[in-house]
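data07.cif (mmCIF, C-alpha atoms) appears below.
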```
data_query
#
loop_
_atom_site.label_atom_id
_atom_site.label_comp_id
_atom_site.auth_asym_id
_atom_site.auth_seq_id
_atom_site.Cartn_x
_atom_site.Cartn_y
_atom_site.Cartn_z
CA MET A 1274 -21.44 43.98 -4.71
CA SER A 1275 -18.76 45.38 -2.46
CA ASP A 1276 -15.59 47.08 -3.60
CA LEU A 1277 -13.59 44.10 -2.53
CA GLU A 1278 -15.70 41.75 -4.63
CA ARG A 1279 -15.38 44.01 -7.68
CA GLU A 1280 -11.66 44.22 -7.20
CA LEU A 1281 -11.48 40.49 -6.78
CA GLU A 1282 -13.25 39.86 -10.05
CA SER A 1283 -11.29 42.38 -12.03
CA GLU A 1284 -7.97 41.22 -10.62
CA LEU A 1285 -8.75 37.56 -11.21
CA ARG A 1286 -9.74 38.34 -14.79
CA ARG A 1287 -6.64 40.45 -15.38
CA VAL A 1288 -4.39 37.69 -14.14
CA LEU A 1289 -6.18 34.58 -15.35
CA ASP A 1290 -7.81 35.61 -18.63
CA PRO A 1291 -4.49 35.71 -20.53
CA LEU A 1292 -4.24 31.99 -19.86
CA ALA A 1293 -6.84 31.40 -22.55
CA ALA A 1294 -4.32 32.49 -25.17
CA LEU A 1295 -1.84 29.84 -24.14
CA PRO A 1296 -1.58 26.67 -26.20
CA ILE A 1297 -3.12 23.61 -24.63
CA PRO A 1298 -0.46 20.98 -23.94
CA ASP A 1299 -0.99 17.36 -24.82
CA ARG A 1300 -2.81 15.50 -22.13
CA ARG A 1301 -0.55 13.45 -19.91
CA GLN A 1302 -1.46 9.81 -20.35
CA ALA A 1303 -2.54 8.00 -17.24
CA SER A 1304 0.08 5.48 -16.30
CA ARG A 1305 -1.20 1.94 -16.32
CA ARG A 1306 -0.23 -0.31 -13.43
CA THR A 1307 0.91 -3.62 -14.79
CA ALA A 1308 0.97 -6.78 -12.74
CA ALA A 1309 4.75 -6.55 -12.50
CA ARG A 1310 4.60 -2.96 -11.25
CA ALA A 1311 1.94 -3.91 -8.75
CA LEU A 1312 4.24 -6.59 -7.38
CA VAL A 1313 7.36 -4.43 -7.11
CA GLY A 1314 5.76 -1.14 -6.14
CA GLY A 1315 3.61 0.30 -3.39
CA ALA A 1316 1.54 -1.98 -1.22
CA GLY A 1317 2.19 -4.85 -3.62
CA ALA A 1318 5.88 -4.72 -2.79
CA ALA A 1319 5.22 -5.01 0.92
CA LEU A 1320 2.90 -7.96 0.37
CA THR A 1321 5.42 -9.66 -1.91
CA VAL A 1322 8.18 -9.29 0.65
CA LYS A 1323 5.95 -10.73 3.35
CA VAL A 1324 4.94 -13.71 1.23
CA LEU A 1325 8.51 -14.47 0.18
CA THR A 1326 9.73 -14.12 3.76
CA GLY A 1327 7.01 -16.47 4.95
CA VAL A 1328 7.94 -19.07 2.34
CA ALA A 1329 11.62 -18.82 3.23
CA VAL A 1330 10.95 -19.15 6.97
CA ALA A 1331 8.63 -22.12 6.41
CA ALA A 1332 11.21 -23.86 4.23
CA ALA A 1333 13.94 -23.27 6.80
CA ALA A 1334 11.71 -24.54 9.61
CA VAL A 1335 10.90 -27.74 7.72
CA THR A 1336 14.58 -28.36 7.00
CA ILE A 1337 15.74 -27.74 10.57
CA THR A 1338 12.91 -29.73 12.11
CA GLY A 1339 13.60 -32.63 9.83
CA ALA A 1340 17.26 -32.61 10.65
CA ALA A 1341 16.61 -32.29 14.37
CA THR A 1342 14.17 -35.18 14.36
CA THR A 1343 16.08 -37.74 12.35
CA GLY A 1344 19.66 -36.64 12.50
CA SER A 1345 19.60 -36.45 8.75
CA LEU A 1346 17.30 -35.23 6.03
CA ASN A 1347 16.04 -38.78 5.44
CA PRO A 1348 13.14 -39.58 7.84
CA ALA A 1349 13.68 -43.32 7.31
CA ASP A 1350 17.01 -43.18 9.19
CA TRP A 1351 15.62 -42.52 12.64
CA GLY A 1352 12.78 -44.98 12.22
CA GLN A 1353 15.22 -47.71 11.23
CA GLN A 1354 17.38 -47.05 14.26
CA VAL A 1355 14.42 -47.18 16.62
CA LYS A 1356 13.18 -50.37 15.04
CA GLN A 1357 16.55 -52.01 15.57
CA GLN A 1358 16.66 -50.82 19.15
CA VAL A 1359 13.20 -52.22 19.86
CA ASP A 1360 14.26 -55.60 18.55
CA THR A 1361 17.43 -55.43 20.58
CA CYS A 1362 15.51 -54.56 23.72
CA LYS A 1363 13.10 -57.42 23.12
CA ALA A 1364 15.94 -59.77 22.70
CA GLU A 1365 17.61 -58.58 25.90
CA LEU A 1366 14.53 -59.30 27.99
CA ALA A 1367 15.10 -62.06 30.45
CA SER A 1368 12.53 -64.75 30.80
CA GLY A 1369 9.46 -63.64 32.67
CA GLN A 1370 10.21 -59.96 32.20
CA HIS A 1371 7.80 -57.66 30.43
CA GLY A 1372 8.11 -54.19 28.98
CA ILE A 1373 10.84 -52.72 26.89
CA GLY A 1374 9.86 -49.08 27.59
CA ASP A 1375 12.82 -48.24 29.80
CA CYS A 1376 15.28 -49.75 27.39
CA VAL A 1377 13.91 -47.93 24.34
CA SER A 1378 13.34 -44.71 26.24
CA SER A 1379 16.93 -44.50 27.37
CA PHE A 1380 18.09 -44.96 23.78
CA ALA A 1381 15.63 -42.33 22.54
CA SER A 1382 16.77 -39.85 25.16
CA GLN A 1383 20.41 -40.29 24.24
CA HIS A 1384 19.65 -40.07 20.57
CA GLY A 1385 17.39 -37.04 21.03
CA SER A 1386 20.04 -35.15 22.95
CA ALA A 1387 22.69 -35.95 20.38
CA VAL A 1388 20.53 -34.97 17.45
CA ALA A 1389 19.33 -31.80 19.16
CA SER A 1390 22.91 -30.79 19.73
CA SER A 1391 23.80 -31.28 16.09
CA ALA A 1392 20.66 -29.49 15.00
CA ARG A 1393 21.51 -26.58 17.27
CA GLN A 1394 24.91 -26.33 15.61
CA HIS A 1395 23.24 -26.58 12.23
CA ALA A 1396 20.82 -23.79 13.13
CA HIS A 1397 23.59 -21.52 14.42
CA GLY A 1398 25.56 -22.18 11.30
CA ASN A 1399 22.66 -21.13 9.14
CA ASP A 1400 20.77 -18.25 10.61
CA GLY A 1401 20.50 -18.37 14.35
CA ALA A 1402 18.80 -19.84 17.31
CA PRO A 1403 15.47 -21.22 16.09
CA GLY A 1404 16.90 -24.69 15.52
CA ALA A 1405 17.89 -25.07 19.17
CA GLY A 1406 14.40 -25.29 20.53
CA ASN A 1407 13.24 -27.60 17.79
CA GLY A 1408 16.16 -29.91 18.29
CA ASN A 1409 15.46 -30.51 21.98
CA GLY A 1410 11.73 -30.82 21.72
CA ASN A 1411 11.56 -33.07 18.72
CA GLY A 1412 14.37 -35.31 19.78
CA ASN A 1413 12.77 -36.22 23.09
CA SER A 1414 9.18 -36.45 21.96
CA ASN A 1415 10.01 -38.61 18.99
CA GLY A 1416 12.02 -40.90 21.17
CA ASN A 1417 9.08 -41.55 23.44
CA ALA A 1418 6.54 -41.90 20.69
CA ASN A 1419 8.51 -44.21 18.46
CA GLY A 1420 10.02 -46.20 21.27
CA HIS A 1421 6.67 -47.19 22.83
CA SER A 1422 6.63 -45.43 26.13
CA LYS A 1423 5.80 -47.08 29.42
CA ASP A 1424 2.16 -46.17 29.33
CA LYS A 1425 1.73 -47.44 25.86
CA ALA A 1426 3.45 -50.67 26.68
CA LYS A 1427 1.11 -51.19 29.62
CA ASP A 1428 -1.93 -50.51 27.53
CA HIS A 1429 -0.95 -52.98 24.87
CA PRO A 1430 1.32 -55.50 26.48
CA ALA A 1431 1.12 -58.35 23.99
CA THR A 1432 -0.47 -57.00 20.87
CA PRO A 1433 1.62 -57.98 17.86
CA LYS A 1434 1.58 -55.30 15.21
CA SER A 1435 2.64 -57.49 12.37
CA ALA A 1436 3.67 -60.97 11.52
CA SER A 1437 7.28 -60.13 12.25
CA ALA A 1438 6.32 -59.12 15.79
CA ALA A 1439 5.34 -62.59 16.79
CA ALA A 1440 4.77 -63.85 20.29
CA PRO A 1441 7.75 -63.31 22.58
CA THR A 1442 10.21 -66.12 22.61
CA LEU A 1443 13.34 -66.76 24.56
CA GLU A 1444 15.22 -67.83 21.53
CA PRO A 1445 17.48 -65.18 20.10
CA GLU A 1446 16.21 -63.92 16.81
CA PRO A 1447 18.24 -62.43 14.07
CA ILE A 1448 17.47 -58.76 14.03
CA ASP A 1449 18.63 -58.37 10.51
CA PRO A 1450 17.17 -60.97 8.18
CA ALA A 1451 19.23 -59.70 5.32
CA GLY A 1452 22.34 -60.59 7.23
CA THR A 1453 23.96 -57.22 7.03
CA HIS A 1454 24.56 -57.04 10.79
CA GLN A 1455 25.95 -59.52 13.25
CA PRO A 1456 23.33 -61.18 15.46
CA VAL A 1457 23.20 -59.92 19.00
CA SER A 1458 24.77 -62.22 21.49
CA ILE A 1459 22.78 -62.81 24.63
CA SER A 1460 24.33 -63.41 27.93
CA PRO A 1461 22.16 -65.14 30.49
CA GLN A 1462 21.08 -62.85 33.27
CA PRO A 1463 20.79 -63.90 36.88
CA MET B 528 -21.84 37.78 -15.12
CA GLU B 529 -21.97 34.94 -17.62
CA SER B 530 -21.82 31.55 -16.03
CA ILE B 531 -18.55 29.94 -16.89
CA GLU B 532 -20.26 26.59 -17.22
CA ALA B 533 -22.55 27.66 -20.00
CA PRO B 534 -20.38 26.99 -23.07
CA VAL B 535 -19.09 23.71 -21.69
CA GLU B 536 -22.41 22.41 -20.49
CA ARG B 537 -23.88 22.84 -23.93
CA GLU B 538 -21.57 20.09 -25.05
CA ARG B 539 -22.67 16.53 -24.50
CA TYR B 540 -20.25 13.91 -23.33
CA GLU B 541 -20.47 10.16 -23.19
CA PRO B 542 -18.95 8.66 -20.01
CA GLY B 543 -16.07 6.36 -20.84
CA SER B 544 -15.66 7.69 -24.37
CA GLU B 545 -12.02 8.36 -25.17
CA ALA B 546 -12.85 10.93 -27.86
CA ASP B 547 -15.28 12.77 -25.59
CA PHE B 548 -12.73 12.97 -22.82
CA GLU B 549 -10.19 14.46 -25.19
CA ARG B 550 -12.79 17.04 -26.21
CA LEU B 551 -13.56 17.76 -22.56
CA TYR B 552 -9.86 18.26 -21.93
CA ARG B 553 -9.58 20.78 -24.75
CA ASN B 554 -12.70 22.64 -23.62
CA THR B 555 -11.92 22.90 -19.92
CA TYR B 556 -8.14 22.90 -19.59
CA HIS B 557 -7.73 26.68 -19.33
CA ARG B 558 -10.48 27.06 -16.76
CA ILE B 559 -9.11 24.30 -14.57
CA LEU B 560 -5.61 25.73 -14.93
CA GLY B 561 -6.88 29.19 -13.97
CA THR B 562 -8.41 27.86 -10.79
CA LEU B 563 -5.24 26.03 -9.88
CA ILE B 564 -3.02 29.03 -10.59
CA ALA B 565 -5.09 31.05 -8.17
CA LEU B 566 -4.78 28.36 -5.52
CA LEU B 567 -1.20 27.18 -5.90
CA ARG B 568 2.13 28.86 -5.51
CA ASP B 569 3.32 28.97 -9.12
CA ARG B 570 2.29 28.24 -12.65
CA ALA B 571 4.49 25.16 -13.08
CA THR B 572 2.85 23.54 -10.07
CA ALA B 573 -0.56 24.52 -11.34
CA GLU B 574 0.15 22.98 -14.74
CA ASP B 575 1.35 19.80 -13.11
CA CYS B 576 -1.74 19.66 -10.91
CA ALA B 577 -3.96 20.32 -13.94
CA GLN B 578 -2.48 17.26 -15.63
CA GLU B 579 -2.94 15.28 -12.42
CA THR B 580 -6.56 16.43 -12.34
CA PHE B 581 -7.23 15.16 -15.84
CA GLU B 582 -5.40 11.91 -15.11
CA ARG B 583 -7.65 11.28 -12.14
CA ALA B 584 -10.69 12.31 -14.12
CA TYR B 585 -9.73 9.98 -16.94
CA ARG B 586 -9.39 7.06 -14.55
CA ASN B 587 -12.93 7.74 -13.30
CA TRP B 588 -14.41 8.93 -16.58
CA HIS B 589 -16.60 5.85 -16.86
CA THR B 590 -18.18 6.66 -13.48
CA TRP B 591 -19.18 10.23 -14.34
CA ARG B 592 -22.94 10.62 -14.67
CA PRO B 593 -24.13 12.87 -17.52
CA ASP B 594 -26.72 14.47 -15.25
CA ALA B 595 -23.91 16.02 -13.16
CA PRO B 596 -22.24 19.22 -14.43
CA VAL B 597 -19.01 17.99 -15.93
CA GLU B 598 -16.95 21.09 -15.14
CA ALA B 599 -18.11 21.06 -11.54
CA TRP B 600 -16.98 17.45 -11.38
CA LEU B 601 -13.58 18.41 -12.77
CA HIS B 602 -13.26 21.32 -10.37
CA ARG B 603 -13.98 19.06 -7.45
CA ILE B 604 -11.11 16.81 -8.54
CA ALA B 605 -8.85 19.81 -9.18
CA ILE B 606 -9.46 21.28 -5.73
CA ASN B 607 -8.71 17.95 -4.10
CA VAL B 608 -5.47 17.80 -6.10
CA ALA B 609 -4.64 21.34 -4.97
CA ILE B 610 -5.31 20.48 -1.34
CA SER B 611 -2.99 17.46 -1.61
CA ASP B 612 -0.32 19.57 -3.28
CA ARG B 613 -0.49 22.23 -0.60
CA ARG B 614 0.00 19.57 2.06
CA HIS B 615 3.05 18.22 0.27
CA GLN B 616 4.29 21.73 -0.36
CA ARG B 617 4.74 22.33 3.35
CA LEU B 618 7.02 19.29 3.50
CA ARG B 619 8.94 20.34 0.40
CA GLN B 620 9.50 23.88 1.66
CA ALA B 621 11.75 22.71 4.47
CA GLY B 622 13.97 20.82 2.02
CA GLU B 623 14.07 23.69 -0.45
CA MET B 624 15.03 26.15 2.27
CA ILE B 625 17.98 23.98 3.23
CA ARG B 626 19.11 23.69 -0.39
CA ARG B 627 18.89 27.45 -0.91
CA LEU B 628 20.90 28.38 2.17
CA GLY B 629 23.85 30.53 1.21
CA ARG B 630 22.61 31.14 -2.34
CA PRO B 631 20.97 34.27 -3.70
CA ALA B 632 17.20 33.96 -3.91
CA ALA B 633 15.83 33.21 -7.36
CA GLY B 634 13.96 36.10 -8.97
CA PRO B 635 10.28 35.88 -9.83
CA ASP B 636 9.33 34.14 -13.07
CA PRO B 637 8.25 36.96 -15.42
CA SER B 638 5.66 34.70 -16.99
CA THR B 639 3.81 34.24 -13.72
CA LEU B 640 1.74 37.36 -13.56
CA ALA B 641 -0.24 35.96 -10.69
CA GLU B 642 2.75 36.09 -8.39
CA ARG B 643 3.04 39.86 -8.83
CA SER B 644 -0.50 40.56 -7.71
CA ASP B 645 -0.97 41.37 -4.03
CA LEU B 646 -4.55 40.18 -4.16
CA ILE B 647 -3.65 36.87 -5.78
CA ARG B 648 -0.85 36.38 -3.30
CA ALA B 649 -3.33 36.97 -0.52
CA ILE B 650 -5.73 34.44 -2.02
CA LYS B 651 -2.95 31.85 -2.17
CA LYS B 652 -2.44 32.27 1.56
CA LEU B 653 -6.07 31.45 2.35
CA PRO B 654 -7.10 27.92 3.29
CA THR B 655 -7.51 26.01 0.02
CA LYS B 656 -11.25 25.46 0.39
CA GLN B 657 -11.87 29.15 1.07
CA ALA B 658 -9.68 30.20 -1.84
CA ALA B 659 -11.42 27.72 -4.12
CA ALA B 660 -14.83 29.12 -3.17
CA LEU B 661 -13.60 32.65 -3.97
CA VAL B 662 -12.23 31.68 -7.37
CA LEU B 663 -15.28 29.66 -8.34
CA ARG B 664 -17.56 32.50 -7.26
CA HIS B 665 -15.69 35.57 -8.45
CA TYR B 666 -13.79 34.28 -11.48
CA HIS B 667 -15.83 31.41 -12.86
CA GLY B 668 -19.12 32.98 -11.80
CA TYR B 669 -20.64 29.95 -10.13
CA SER B 670 -23.58 30.50 -7.85
CA ASN B 671 -23.29 29.34 -4.26
CA ARG B 672 -25.51 26.40 -5.13
CA GLU B 673 -23.25 25.38 -8.01
CA ILE B 674 -20.17 25.69 -5.81
CA ALA B 675 -21.88 23.58 -3.17
CA SER B 676 -22.60 20.95 -5.80
CA ALA B 677 -19.06 21.05 -7.13
CA LEU B 678 -17.45 20.74 -3.72
CA GLY B 679 -20.00 18.36 -2.26
CA VAL B 680 -20.84 20.57 0.71
CA PRO B 681 -24.01 22.35 1.89
CA GLU B 682 -24.73 25.73 0.36
CA GLN B 683 -24.49 27.34 3.79
CA THR B 684 -20.95 26.03 4.11
CA VAL B 685 -20.03 27.76 0.86
CA ALA B 686 -21.50 31.05 2.15
CA SER B 687 -19.52 30.69 5.36
CA ARG B 688 -16.31 30.00 3.49
CA LEU B 689 -16.83 32.99 1.21
CA ALA B 690 -17.53 35.29 4.15
CA ALA B 691 -14.47 34.05 6.03
CA ALA B 692 -12.30 34.42 2.92
CA ARG B 693 -13.44 37.99 2.27
CA LYS B 694 -12.90 38.94 5.89
CA GLN B 695 -9.39 37.53 5.85
CA LEU B 696 -8.58 39.23 2.55
CA GLN B 697 -9.72 42.58 3.91
CA ALA B 698 -7.51 42.09 6.93
CA VAL B 699 -4.50 41.12 4.85
CA LEU B 700 -4.96 43.94 2.32
CA GLY B 701 -5.80 46.50 5.02
CA ARG B 702 -9.18 47.49 3.61
#
```

Conversion result in structure tokens:
Amino acid sequence: MSDLERELESELRRVLDPLAALPIPDRRQASRRTAARALVGGAGAALTVKVLTGVAVAAAAVTITGAATTGSLNPADWGQQVKQQVDTCKAELASGQHGIGDCVSSFASQHGSAVASSARQHAHGNDGAPGAGNGNGNGNSNGNANGHSKDKAKDHPATPKSASAAAPTLEPEPIDPAGTHQPVSISPQP
Amino acid sequence: MESIEAPVERERYEPGSEADFERLYRNTYHRILGTLIALLRDRATAEDCAQETFERAYRNWHTWRPDAPVEAWLHRIAINVAISDRRHQRLRQAGEMIRRLGRPAAGPDPSTLAERSDLIRAIKKLPTKQAAALVLRHYHGYSNREIASALGVPEQTVASRLAAARKQLQAVLGR
């Protein structure tokens, strides 16, 4: 054993041996991680924030998309308007004419633009731009889909979807059986 | 030299037993603290790291296998705690230096004998793994094989660390 090793041993003993006379402190108890602590601390906190953020974003997206599509939070509103417009367009058809696509499409485009604009304002009022894109896209696409686009009309020219959609007739039909709206007056077309 | 493990290894412990862990704590606390004092900058830090060591050991007490030397297992945990503390110490030193600017330096704690020893101060400046090998070899009396088992490294690595540590100590102490 070298001098250095002997010195090492003696010095370590001189310094560390007195430790044995010290009292032994109580053992520190291991902290237990409860479910609540796991949620609010460490990696759990990051995950919780992400989940809550995702839920909030999804809820906002559903609200904005709904408003942009229908103009209100009630999806029945837009469908009712389109249904009325389809009936109106049918009624406006002159004898021998077929297809109401142009008529319904023009209504859908106007409605889509108007609703998108209001949705954009709604989105800016809440938290920013995301509502703008949804408003434009949903307004136009819903208009085409619900209003029976040209292609669809060509594919199914005379297929009644229900008993109320009976064979075309030249006689004006009341568009509102309940009588809540005035019947549409038809002027003969050249 | 008497092997430091001998009195402890005569005791039998049951993994996962609360009472046995408390007994292990009482039997090994001073030895673990001694190792940490030799590795870390002051006694308060060493005491804190000793408690951290036993906390970690307690969390894994059910995984300890009775065929493994229990004090070697504890030392392995303690040295890992010391390595972590030394890493954090470097970060803390910058903050402490800023706080102390313009104030007189605090005097040495009279209770920390280790801080007054040139040799111990030199050991503290060694890389933690080298210092740990020195303390386990020359204070606790482990053989190189036992140190290798405790640290989870090949025996040759322990010999290399000891040689490097001695060489550096000689250079620092001018011998």

Can you check which residues of chain B have any atom within 9 Å of chain A? Use all atoms listed in the file and format it as a PDB file with C-alpha atoms, in the coordinates of the input.
```pdb
ATOM      1  CA  GLU B 549     -10.190  14.460 -25.190  1.00  0.00           C
ATOM      2  CA  TYR B 552      -9.860  18.260 -21.930  1.00  0.00           C
ATOM      3  CA  ARG B 553      -9.580  20.780 -24.750  1.00  0.00           C
ATOM      4  CA  TYR B 556      -8.140  22.900 -19.590  1.00  0.00           C
ATOM      5  CA  HIS B 557      -7.730  26.680 -19.330  1.00  0.00           C
ATOM      6  CA  ARG B 558     -10.480  27.060 -16.760  1.00  0.00           C
ATOM      7  CA  LEU B 560      -5.610  25.730 -14.930  1.00  0.00           C
ATOM      8  CA  GLY B 561      -6.880  29.190 -13.970  1.00  0.00           C
ATOM      9  CA  THR B 562      -8.410  27.860 -10.790  1.00  0.00           C
ATOM     10  CA  ILE B 564      -3.020  29.030 -10.590  1.00  0.00           C
ATOM     11  CA  ALA B 565      -5.090  31.050  -8.170  1.00  0.00           C
ATOM     12  CA  GLN B 578      -2.480  17.260 -15.630  1.00  0.00           C
ATOM     13  CA  GLU B 579      -2.940  15.280 -12.420  1.00  0.00           C
ATOM     14  CA  PHE B 581      -7.230  15.160 -15.840  1.00  0.00           C
ATOM     15  CA  GLU B 582      -5.400  11.910 -15.110  1.00  0.00           C
ATOM     16  CA  ARG B 583      -7.650  11.280 -12.140  1.00  0.00           C
ATOM     17  CA  TYR B 585      -9.730   9.980 -16.940  1.00  0.00           C
ATOM     18  CA  ARG B 586      -9.390   7.060 -14.550  1.00  0.00           C
ATOM     19  CA  THR B 639       3.810  34.240 -13.720  1.00  0.00           C
ATOM     20  CA  LEU B 640       1.740  37.360 -13.560  1.00  0.00           C
ATOM     21  CA  ALA B 641      -0.240  35.960 -10.690  1.00  0.00           C
ATOM     22  CA  SER B 644      -0.500  40.560  -7.710  1.00  0.00           C
ATOM     23  CA  LEU B 646      -4.550  40.180  -4.160  1.00  0.00           C
ATOM     24  CA  ILE B 647      -3.650  36.870  -5.780  1.00  0.00           C
ATOM     25  CA  LEU B 661     -13.600  32.650  -3.970  1.00  0.00           C
ATOM     26  CA  VAL B 662     -12.230  31.680  -7.370  1.00  0.00           C
ATOM     27  CA  ARG B 664     -17.560  32.500  -7.260  1.00  0.00           C
ATOM     28  CA  HIS B 665     -15.690  35.570  -8.450  1.00  0.00           C
ATOM     29  CA  TYR B 666     -13.790  34.280 -11.480  1.00  0.00           C
ATOM     30  CA  ARG B 693     -13.440  37.990   2.270  1.00  0.00           C
ATOM     31  CA  LEU B 696      -8.580  39.230   2.550  1.00  0.00           C
ATOM     32  CA  GLN B 697      -9.720  42.580   3.910  1.00  0.00           C
ATOM     33  CA  ARG B 702      -9.180  47.490   3.610  1.00  0.00           C
TER      34      ARG B 702
END
```

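Here atom CA of Gln657 of chain B is placed at a distance of 29.3 Å from atom CA of Glu538 of chain B.
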
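From atom CA of Ala605 of chain B back to atom CA of Lys652 of chain B, the distance works out to 17.7 Å.
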
Result set, the PyMOL selection byres ((chain B and resi 671-673) around 7) on current file, as a ChimeraX atom specification:
/B:669-670,674-677,682,685-686

Quote the spacing between atom CA of Pro542 of chain B and atom CA of Thr590 of chain B in Å to one decimal place.
6.9 Å

Which one of B:Arg617, B:Arg568, B:Arg688, B:Arg539 sits closest to Asn554 of chain B if you count all atoms listed in the file?
B:Arg539

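The shortest atom-to-atom distance to Asp575 of chain B, with only C-alpha atoms taken into account, belongs to B:Ala609 out of B:Leu618, B:Ala595, B:Ala609, B:Ala690.
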
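Counting all atoms listed in the file and comparing B:Ser687, B:Gly668, B:Thr580, B:Lys656, the residue that lies closest to Leu601 of chain B is B:Thr580.
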
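Proximity ranking of B:Ile559, B:Ala546, B:Ala584, B:Leu653 relative to Ala691 of chain B places B:Leu653 first, based on all atoms listed in the file.
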
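Proximity of B:Leu567, B:Leu551, B:Gly543, B:Pro593 to Arg648 of chain B, computed with all atoms listed in the file, is greatest for B:Leu567.
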